[in-house]
file run-v2.pdb (PDB, C-alpha atoms)
ATOM      1  CA  ASP R   1       8.610   2.110  19.292
ATOM      2  CA  GLY R   2       8.124  -0.578  16.685
ATOM      3  CA  GLY R   3       7.825   0.417  13.081
ATOM      4  CA  ILE R   4       9.365   0.874   9.673
ATOM      5  CA  THR R   5      11.880   3.554   8.852
ATOM      6  CA  GLN R   6      12.874   4.734   5.401
ATOM      7  CA  SER R   7      15.746   7.012   4.589
ATOM      8  CA  PRO R   8      16.317   9.481   3.209
ATOM      9  CA  LYS R   9      12.955  11.281   3.060
ATOM     10  CA  TYR R  10      14.007  13.166  -0.099
ATOM     11  CA  LEU R  11      16.631  12.043  -2.573
ATOM     12  CA  PHE R  12      17.961  13.735  -5.671
ATOM     13  CA  ARG R  13      19.867  11.871  -8.320
ATOM     14  CA  LYS R  14      21.585  12.800 -11.528
ATOM     15  CA  GLU R  15      20.801  10.777 -14.606
ATOM     16  CA  GLY R  16      23.053   7.744 -14.940
ATOM     17  CA  GLN R  17      23.632   7.311 -11.212
ATOM     18  CA  ASN R  18      22.567   4.381  -9.077
ATOM     19  CA  VAL R  19      20.976   5.194  -5.725
ATOM     20  CA  THR R  20      20.017   3.001  -2.787
ATOM     21  CA  LEU R  21      16.941   3.560  -0.657
ATOM     22  CA  SER R  22      17.022   2.238   2.877
ATOM     23  CA  CYS R  23      14.212   0.345   4.618
ATOM     24  CA  GLU R  24      14.489  -1.029   8.144
ATOM     25  CA  GLN R  25      11.839  -2.648  10.349
ATOM     26  CA  ASN R  26      11.898  -3.732  13.990
ATOM     27  CA  LEU R  27       8.527  -5.478  13.931
ATOM     28  CA  ASN R  28      10.102  -8.914  13.526
ATOM     29  CA  HIS R  29       8.143  -9.355  10.297
ATOM     30  CA  ASP R  30       9.148 -12.036   7.832
ATOM     31  CA  ALA R  31       7.942 -10.375   4.637
ATOM     32  CA  MET R  32       8.992  -7.021   3.188
ATOM     33  CA  TYR R  33       7.886  -5.141   0.065
ATOM     34  CA  TRP R  34       8.839  -2.215  -2.132
ATOM     35  CA  TYR R  35       6.226  -0.177  -3.995
ATOM     36  CA  ARG R  36       6.401   2.707  -6.378
ATOM     37  CA  GLN R  37       3.685   5.351  -6.344
ATOM     38  CA  ASP R  38       2.963   7.731  -9.202
ATOM     39  CA  PRO R  39       0.045  10.193  -9.297
ATOM     40  CA  GLY R  40      -3.213   8.502 -10.301
ATOM     41  CA  GLN R  41      -1.671   5.017 -10.542
ATOM     42  CA  GLY R  42      -1.947   3.706  -7.020
ATOM     43  CA  LEU R  43       0.848   1.502  -5.721
ATOM     44  CA  ARG R  44       2.789  -0.826  -7.977
ATOM     45  CA  LEU R  45       4.856  -3.672  -6.576
ATOM     46  CA  ILE R  46       8.567  -3.614  -7.428
ATOM     47  CA  TYR R  47      10.033  -6.469  -5.378
ATOM     48  CA  TYR R  48       9.061  -8.476  -2.348
ATOM     49  CA  SER R  49      10.794 -10.843   0.029
ATOM     50  CA  GLN R  50       9.029 -13.440   2.130
ATOM     51  CA  ILE R  51      12.120 -14.677   3.932
ATOM     52  CA  VAL R  52      15.762 -13.765   4.411
ATOM     53  CA  ASN R  53      18.017 -14.424   1.408
ATOM     54  CA  ASP R  54      15.048 -14.792  -0.937
ATOM     55  CA  PHE R  55      13.084 -12.273  -2.992
ATOM     56  CA  GLN R  56      10.759 -12.176  -6.003
ATOM     57  CA  LYS R  57      10.113  -9.675  -8.769
ATOM     58  CA  GLY R  58       6.909  -7.729  -8.681
ATOM     59  CA  ASP R  59       5.080  -6.083 -11.554
ATOM     60  CA  ILE R  60       7.694  -3.431 -12.370
ATOM     61  CA  ALA R  61      11.095  -4.861 -11.347
ATOM     62  CA  GLU R  62      13.038  -3.728 -14.413
ATOM     63  CA  GLY R  63      15.734  -1.211 -13.493
ATOM     64  CA  TYR R  64      15.621  -2.063  -9.793
ATOM     65  CA  SER R  65      17.515  -4.482  -7.543
ATOM     66  CA  VAL R  66      17.167  -5.576  -3.919
ATOM     67  CA  SER R  67      18.880  -7.672  -1.276
ATOM     68  CA  ARG R  68      17.640  -9.323   1.898
ATOM     69  CA  GLU R  69      20.656 -10.308   3.960
ATOM     70  CA  LYS R  70      19.003  -9.523   7.285
ATOM     71  CA  LYS R  71      15.421  -9.959   8.431
ATOM     72  CA  GLU R  72      15.079  -6.316   9.419
ATOM     73  CA  SER R  73      16.549  -4.731   6.286
ATOM     74  CA  PHE R  74      15.425  -4.626   2.646
ATOM     75  CA  PRO R  75      17.340  -1.969   0.648
ATOM     76  CA  LEU R  76      16.241  -1.013  -2.865
ATOM     77  CA  THR R  77      18.724   0.115  -5.514
ATOM     78  CA  VAL R  78      17.406   2.210  -8.370
ATOM     79  CA  THR R  79      19.815   1.650 -11.230
ATOM     80  CA  SER R  80      20.604   3.781 -14.237
ATOM     81  CA  ALA R  81      18.591   1.291 -16.304
ATOM     82  CA  GLN R  82      15.355   2.576 -14.787
ATOM     83  CA  LYS R  83      14.025   4.930 -17.456
ATOM     84  CA  ASN R  84      11.778   7.099 -15.314
ATOM     85  CA  PRO R  85      12.760   6.767 -11.648
ATOM     86  CA  THR R  86      11.201   9.979 -10.338
ATOM     87  CA  ALA R  87       8.483   8.758  -7.937
ATOM     88  CA  PHE R  88       7.482   8.199  -4.334
ATOM     89  CA  TYR R  89       8.819   4.887  -2.990
ATOM     90  CA  LEU R  90       7.139   3.035  -0.157
ATOM     91  CA  CYS R  91       8.474   0.127   1.848
ATOM     92  CA  ALA R  92       6.177  -2.208   3.786
ATOM     93  CA  SER R  93       6.385  -5.319   5.913
ATOM     94  CA  SER R  94       3.972  -8.022   7.050
ATOM     95  CA  ARG R  95       4.100 -10.855   9.540
ATOM     96  CA  PRO R  96       3.435 -13.947   7.417
ATOM     97  CA  GLY R  97       6.224 -15.115   5.181
ATOM     98  CA  LEU R  98       5.692 -18.194   3.082
ATOM     99  CA  ALA R  99       2.478 -19.024   4.951
ATOM    100  CA  GLY R 100       0.585 -16.017   3.594
ATOM    101  CA  GLY R 101      -2.990 -15.892   4.812
ATOM    102  CA  PRO R 102      -5.561 -13.474   6.137
ATOM    103  CA  ASP R 103      -3.195 -11.675   8.472
ATOM    104  CA  ASN R 104      -1.304 -10.300   5.514
ATOM    105  CA  GLU R 105      -1.831  -6.775   6.803
ATOM    106  CA  GLN R 106       1.045  -4.618   5.652
ATOM    107  CA  PHE R 107       2.668  -1.874   7.691
ATOM    108  CA  PHE R 108       4.146   0.999   5.721
ATOM    109  CA  GLY R 109       7.116   3.281   6.156
ATOM    110  CA  PRO R 110       6.886   7.061   5.600
ATOM    111  CA  GLY R 111       8.285   6.869   2.077
ATOM    112  CA  THR R 112      11.192   8.294   0.095
ATOM    113  CA  ARG R 113      10.623  10.807  -2.683
ATOM    114  CA  LEU R 114      13.204  10.345  -5.423
ATOM    115  CA  THR R 115      13.753  13.050  -8.006
ATOM    116  CA  VAL R 116      16.034  12.688 -11.001
ATOM    117  CA  LEU R 117      17.613  15.959 -12.064
TER     118      LEU R 117
ATOM    119  CA  ALA X 118      -6.659 -13.588 -10.565
ATOM    120  CA  GLN X 119      -7.533 -10.960  -8.033
ATOM    121  CA  SER X 120      -8.267  -7.333  -8.857
ATOM    122  CA  VAL X 121      -9.696  -4.225  -7.251
ATOM    123  CA  THR X 122     -11.681  -1.388  -8.815
ATOM    124  CA  GLN X 123     -12.250   1.840  -6.980
ATOM    125  CA  LEU X 124     -15.185   3.367  -8.761
ATOM    126  CA  ASP X 125     -14.364   7.024  -8.113
ATOM    127  CA  SER X 126     -10.997   8.662  -8.522
ATOM    128  CA  HIS X 127     -12.154  11.753  -6.611
ATOM    129  CA  VAL X 128     -14.977  12.329  -4.120
ATOM    130  CA  SER X 129     -15.838  15.703  -2.662
ATOM    131  CA  VAL X 130     -18.107  16.150   0.381
ATOM    132  CA  SER X 131     -19.016  18.937   2.738
ATOM    133  CA  GLU X 132     -17.868  18.772   6.344
ATOM    134  CA  GLY X 133     -20.465  16.978   8.477
ATOM    135  CA  THR X 134     -22.032  15.049   5.588
ATOM    136  CA  PRO X 135     -21.695  11.292   4.969
ATOM    137  CA  VAL X 136     -18.785   9.755   3.100
ATOM    138  CA  LEU X 137     -19.089   6.845   0.662
ATOM    139  CA  LEU X 138     -16.025   5.474  -1.146
ATOM    140  CA  ARG X 139     -16.835   2.582  -3.447
ATOM    141  CA  CYS X 140     -14.764  -0.547  -4.061
ATOM    142  CA  ASN X 141     -15.461  -3.680  -6.076
ATOM    143  CA  TYR X 142     -13.160  -6.663  -6.070
ATOM    144  CA  SER X 143     -12.565  -9.829  -8.021
ATOM    145  CA  SER X 144     -11.088 -12.910  -6.385
ATOM    146  CA  SER X 145     -11.005 -16.636  -7.055
ATOM    147  CA  TYR X 146     -11.085 -17.450  -3.351
ATOM    148  CA  SER X 147     -12.470 -15.960  -0.156
ATOM    149  CA  PRO X 148     -10.400 -12.821   0.030
ATOM    150  CA  SER X 149      -9.153 -10.606   2.784
ATOM    151  CA  LEU X 150      -9.962  -6.957   2.117
ATOM    152  CA  PHE X 151      -8.403  -3.807   3.509
ATOM    153  CA  TRP X 152      -8.850  -0.055   3.375
ATOM    154  CA  TYR X 153      -5.769   2.119   3.804
ATOM    155  CA  VAL X 154      -5.541   5.908   4.083
ATOM    156  CA  GLN X 155      -2.654   8.079   2.905
ATOM    157  CA  HIS X 156      -2.182  11.715   3.798
ATOM    158  CA  PRO X 157       0.007  13.817   1.466
ATOM    159  CA  ASN X 158       3.645  12.703   1.324
ATOM    160  CA  LYS X 159       3.074  10.103   4.034
ATOM    161  CA  GLY X 160       3.004   6.322   4.220
ATOM    162  CA  LEU X 161      -0.203   4.297   4.265
ATOM    163  CA  GLN X 162      -2.144   3.629   7.458
ATOM    164  CA  LEU X 163      -4.590   0.763   7.895
ATOM    165  CA  LEU X 164      -8.179   1.921   8.427
ATOM    166  CA  LEU X 165      -9.840  -1.477   8.683
ATOM    167  CA  LYS X 166      -9.714  -5.049   7.418
ATOM    168  CA  TYR X 167     -12.135  -7.850   6.601
ATOM    169  CA  THR X 168     -10.998 -11.420   7.224
ATOM    170  CA  SER X 169     -14.357 -13.323   7.161
ATOM    171  CA  ALA X 170     -15.171 -12.882  10.858
ATOM    172  CA  ALA X 171     -17.965 -10.313  10.365
ATOM    173  CA  THR X 172     -19.327  -8.653   7.254
ATOM    174  CA  LEU X 173     -19.566  -5.205   8.859
ATOM    175  CA  VAL X 174     -16.144  -4.026   9.857
ATOM    176  CA  LYS X 175     -15.456  -1.027  12.057
ATOM    177  CA  GLY X 176     -12.197   0.838  11.738
ATOM    178  CA  ILE X 177     -10.415   3.826  13.123
ATOM    179  CA  ASN X 178     -11.660   7.428  13.026
ATOM    180  CA  GLY X 179     -15.316   6.406  12.675
ATOM    181  CA  PHE X 180     -14.966   4.599   9.345
ATOM    182  CA  GLU X 181     -16.636   1.300   8.600
ATOM    183  CA  ALA X 182     -17.039  -0.998   5.613
ATOM    184  CA  GLU X 183     -19.458  -3.753   4.682
ATOM    185  CA  PHE X 184     -18.413  -6.876   2.825
ATOM    186  CA  LYS X 185     -21.110  -7.939   0.333
ATOM    187  CA  LYS X 186     -20.159 -11.159  -1.384
ATOM    188  CA  SER X 187     -23.150 -11.150  -3.742
ATOM    189  CA  GLU X 188     -22.161  -7.725  -5.026
ATOM    190  CA  THR X 189     -18.373  -8.307  -4.692
ATOM    191  CA  SER X 190     -18.184  -4.950  -2.952
ATOM    192  CA  PHE X 191     -16.424  -3.511   0.075
ATOM    193  CA  HIS X 192     -17.535   0.130   0.255
ATOM    194  CA  LEU X 193     -16.108   2.463   2.895
ATOM    195  CA  THR X 194     -18.445   4.791   4.787
ATOM    196  CA  LYS X 195     -18.401   7.394   7.515
ATOM    197  CA  PRO X 196     -21.516   9.138   8.872
ATOM    198  CA  SER X 197     -19.991  12.594   9.173
ATOM    199  CA  ALA X 198     -16.912  13.874   7.362
ATOM    200  CA  HIS X 199     -14.251  15.877   9.152
ATOM    201  CA  MET X 200     -11.687  18.151   7.552
ATOM    202  CA  SER X 201      -8.929  15.803   8.720
ATOM    203  CA  ASP X 202     -10.433  13.000   6.592
ATOM    204  CA  ALA X 203      -9.164  14.672   3.424
ATOM    205  CA  ALA X 204      -6.666  12.159   2.032
ATOM    206  CA  GLU X 205      -6.179   9.358  -0.516
ATOM    207  CA  TYR X 206      -7.916   6.062   0.240
ATOM    208  CA  PHE X 207      -6.903   2.675  -1.135
ATOM    209  CA  CYS X 208      -8.965  -0.502  -1.286
ATOM    210  CA  VAL X 209      -6.785  -3.632  -1.193
ATOM    211  CA  VAL X 210      -7.421  -7.350  -1.719
ATOM    212  CA  SER X 211      -5.418 -10.351  -0.592
ATOM    213  CA  GLU X 212      -5.995 -14.012  -1.257
ATOM    214  CA  ARG X 213      -4.731 -16.788   0.959
ATOM    215  CA  GLY X 214      -1.293 -18.046   0.163
ATOM    216  CA  ASN X 215       1.815 -16.307  -0.983
ATOM    217  CA  THR X 216       0.307 -13.755  -3.349
ATOM    218  CA  PRO X 217       1.112 -10.099  -2.641
ATOM    219  CA  LEU X 218      -1.593  -7.535  -1.968
ATOM    220  CA  VAL X 219      -3.371  -5.950  -4.916
ATOM    221  CA  PHE X 220      -4.122  -2.236  -4.588
ATOM    222  CA  GLY X 221      -6.843  -0.183  -6.204
ATOM    223  CA  LYS X 222      -5.797   3.045  -7.893
ATOM    224  CA  GLY X 223      -7.067   5.130  -5.009
ATOM    225  CA  THR X 224      -9.845   7.640  -4.323
ATOM    226  CA  ARG X 225      -8.967  11.163  -3.325
ATOM    227  CA  LEU X 226     -11.383  12.506  -0.729
ATOM    228  CA  SER X 227     -11.808  16.267  -0.458
ATOM    229  CA  VAL X 228     -13.731  17.779   2.454
ATOM    230  CA  ILE X 229     -15.180  21.247   1.980
ATOM    231  CA  ALA X 230     -15.732  23.527   4.960
TER     232      ALA X 230
END
call {"tool": "encode", "arguments": {"input": "run-v2.pdb", "output": "structure tokens"}}
result
Amino acid sequence: DGGITQSPKYLFRKEGQNVTLSCEQNLNHDAMYWYRQDPGQGLRLIYYSQIVNDFQKGDIAEGYSVSREKKESFPLTVTSAQKNPTAFYLCASSRPGLAGGPDNEQFFGPGTRLTVL
Amino acid sequence: AQSVTQLDSHVSVSEGTPVLLRCNYSSSYSPSLFWYVQHPNKGLQLLLKYTSAATLVKGINGFEAEFKKSETSFHLTKPSAHMSDAAEYFCVVSERGNTPLVFGKGTRLSVIA
């Protein structure tokens, strides 16, 4: 089955610790995205990558870092610099990379819920 | 710059009655528009998308949406609500090029038995 997997489903972190959220896709999509979701605020873009070895900051990149060494993987690290990391994190991918365009339909993973203790 | 406004944060309907979720957009170009649905603690699933082929778009689970350029609207409708439709719905806009999607803040749909 093709799709996007995120792990773990639930993650607990102590203050001051870095944690890495996994996102893998086997859809052969060029572009991948990380969003943060808080109640009543919709989805906010953290980082996105349109091609391997390249990524751009989204609206709320502070306190987060990413890498894109392989086409199918786009891990997100939540660093200790992120002031309020408790949230639901969603990873997505889409077919067009630098071309963009009307087929920019995004496919989403099941999400990771991060809680800071 | 593109933006999306979902006019209702919460809509409540009785089972079997029509559903209307309202969305207005702002875009400098001819946009692509999407509706996604999210059930609790799940990822987002695409309901339907508009990409300029036809103004009335049919999606999954009996939902449809009409693109009205003059009103800059893309409202989501369903003739008869089912209990399983209770979820969060997001209206999304995308312009051509490299710009990421822009999401509305969501509308929570409750269906009362």
call {"tool": "interface_residues", "arguments": {"input": "run-v2.pdb", "of": "chain X", "to": "chain R", "cutoff": "9 Å", "atoms": "all atoms listed in the file", "output": "number ranges by chain"}}
result
X: 126, 148-151, 158-163, 166-169, 207, 211-224
call {"tool": "resolve_selection", "arguments": {"input": "run-v2.pdb", "expression": "the PyMOL selection byres ((chain X and resi 225-229) around 12)", "output": "ChimeraX atom specification"}}
result
/R:39-42 /X:123-139,153-157,193-195,197-208,221-224,230
call {"tool": "write_last_selection", "arguments": {"input": "run-v2.pdb", "atoms": "C-alpha atoms", "output": "PDB file, keeping the file's coordinate frame"}}
result
ATOM      1  CA  PRO R  39       0.045  10.193  -9.297  1.00  0.00           C
ATOM      2  CA  GLY R  40      -3.213   8.502 -10.301  1.00  0.00           C
ATOM      3  CA  GLN R  41      -1.671   5.017 -10.542  1.00  0.00           C
ATOM      4  CA  GLY R  42      -1.947   3.706  -7.020  1.00  0.00           C
TER       5      GLY R  42
ATOM      6  CA  GLN X 123     -12.250   1.840  -6.980  1.00  0.00           C
ATOM      7  CA  LEU X 124     -15.185   3.367  -8.761  1.00  0.00           C
ATOM      8  CA  ASP X 125     -14.364   7.024  -8.113  1.00  0.00           C
ATOM      9  CA  SER X 126     -10.997   8.662  -8.522  1.00  0.00           C
ATOM     10  CA  HIS X 127     -12.154  11.753  -6.611  1.00  0.00           C
ATOM     11  CA  VAL X 128     -14.977  12.329  -4.120  1.00  0.00           C
ATOM     12  CA  SER X 129     -15.838  15.703  -2.662  1.00  0.00           C
ATOM     13  CA  VAL X 130     -18.107  16.150   0.381  1.00  0.00           C
ATOM     14  CA  SER X 131     -19.016  18.937   2.738  1.00  0.00           C
ATOM     15  CA  GLU X 132     -17.868  18.772   6.344  1.00  0.00           C
ATOM     16  CA  GLY X 133     -20.465  16.978   8.477  1.00  0.00           C
ATOM     17  CA  THR X 134     -22.032  15.049   5.588  1.00  0.00           C
ATOM     18  CA  PRO X 135     -21.695  11.292   4.969  1.00  0.00           C
ATOM     19  CA  VAL X 136     -18.785   9.755   3.100  1.00  0.00           C
ATOM     20  CA  LEU X 137     -19.089   6.845   0.662  1.00  0.00           C
ATOM     21  CA  LEU X 138     -16.025   5.474  -1.146  1.00  0.00           C
ATOM     22  CA  ARG X 139     -16.835   2.582  -3.447  1.00  0.00           C
ATOM     23  CA  TYR X 153      -5.769   2.119   3.804  1.00  0.00           C
ATOM     24  CA  VAL X 154      -5.541   5.908   4.083  1.00  0.00           C
ATOM     25  CA  GLN X 155      -2.654   8.079   2.905  1.00  0.00           C
ATOM     26  CA  HIS X 156      -2.182  11.715   3.798  1.00  0.00           C
ATOM     27  CA  PRO X 157       0.007  13.817   1.466  1.00  0.00           C
ATOM     28  CA  LEU X 193     -16.108   2.463   2.895  1.00  0.00           C
ATOM     29  CA  THR X 194     -18.445   4.791   4.787  1.00  0.00           C
ATOM     30  CA  LYS X 195     -18.401   7.394   7.515  1.00  0.00           C
ATOM     31  CA  SER X 197     -19.991  12.594   9.173  1.00  0.00           C
ATOM     32  CA  ALA X 198     -16.912  13.874   7.362  1.00  0.00           C
ATOM     33  CA  HIS X 199     -14.251  15.877   9.152  1.00  0.00           C
ATOM     34  CA  MET X 200     -11.687  18.151   7.552  1.00  0.00           C
ATOM     35  CA  SER X 201      -8.929  15.803   8.720  1.00  0.00           C
ATOM     36  CA  ASP X 202     -10.433  13.000   6.592  1.00  0.00           C
ATOM     37  CA  ALA X 203      -9.164  14.672   3.424  1.00  0.00           C
ATOM     38  CA  ALA X 204      -6.666  12.159   2.032  1.00  0.00           C
ATOM     39  CA  GLU X 205      -6.179   9.358  -0.516  1.00  0.00           C
ATOM     40  CA  TYR X 206      -7.916   6.062   0.240  1.00  0.00           C
ATOM     41  CA  PHE X 207      -6.903   2.675  -1.135  1.00  0.00           C
ATOM     42  CA  CYS X 208      -8.965  -0.502  -1.286  1.00  0.00           C
ATOM     43  CA  GLY X 221      -6.843  -0.183  -6.204  1.00  0.00           C
ATOM     44  CA  LYS X 222      -5.797   3.045  -7.893  1.00  0.00           C
ATOM     45  CA  GLY X 223      -7.067   5.130  -5.009  1.00  0.00           C
ATOM     46  CA  THR X 224      -9.845   7.640  -4.323  1.00  0.00           C
ATOM     47  CA  ALA X 230     -15.732  23.527   4.960  1.00  0.00           C
TER      48      ALA X 230
END
call {"tool": "resolve_selection", "arguments": {"input": "run-v2.pdb", "expression": "the PyMOL selection byres ((chain R and resi 54) around 10)", "output": "VMD selection string"}}
result
chain R and resid 48 to 53 55 to 56 66 to 69
call {"tool": "atom_distance", "arguments": {"input": "run-v2.pdb", "atom1": "atom CA of R:Gln25", "atom2": "atom CA of R:Lys71"}}
result
8.4 Å
call {"tool": "closest_residue", "arguments": {"input": "run-v2.pdb", "among": "R:Lys83, R:Gln6, R:Tyr64, R:Met32", "to": "R:Val19", "atoms": "all atoms listed in the file"}}
result
R:Tyr64
call {"tool": "resolve_selection", "arguments": {"input": "run-v2.pdb", "expression": "the PyMOL selection byres ((chain R and resi 22) around 9)", "output": "ChimeraX atom specification"}}
result
/R:5-8,20-21,23-24,73-77,91,112
call {"tool": "residues_around", "arguments": {"input": "run-v2.pdb", "residues": "R:Thr86", "least_positions_apart": "6", "cutoff": "10 Å", "atoms": "all atoms listed in the file", "output": "list of chain:residue names"}}
result
R:Leu11, R:Phe12, R:Arg13, R:Arg36, R:Gln37, R:Asp38, R:Arg113, R:Leu114, R:Thr115, R:Val116, R:Leu117
call {"tool": "atom_distance", "arguments": {"input": "run-v2.pdb", "atom1": "atom CA of R:Ser65", "atom2": "atom CA of R:Glu15"}}
result
17.1 Å
call {"tool": "atom_distance", "arguments": {"input": "run-v2.pdb", "atom1": "atom CA of X:Lys185", "atom2": "atom CA of R:Ser94"}}
result
26.0 Å
call {"tool": "closest_residue", "arguments": {"input": "run-v2.pdb", "among": "X:Ala118, X:Leu165, X:Val210, X:Ile177", "to": "X:Trp152", "atoms": "all atoms listed in the file"}}
result
X:Leu165
call {"tool": "closest_residue", "arguments": {"input": "run-v2.pdb", "among": "R:Asp30, R:Gly63, R:Arg95, R:Lys70", "to": "R:Ile46", "atoms": "all atoms listed in the file"}}
result
R:Gly63
call {"tool": "axis_aligned_box", "arguments": {"input": "run-v2.pdb", "around": "stretch 10-26 of chain R", "padding_each_side": "8 Å", "output": "AutoDock Vina command-line options"}}
result
--center_x 17.7 --center_y 5.0 --center_z -0.5 --size_x 27.8 --size_y 33.5 --size_z 44.9
call {"tool": "closest_residue", "arguments": {"input": "run-v2.pdb", "among": "X:Thr122, X:Leu164, X:Ser143, X:Ala170", "to": "X:Ala182", "atoms": "all atoms listed in the file"}}
result
X:Leu164
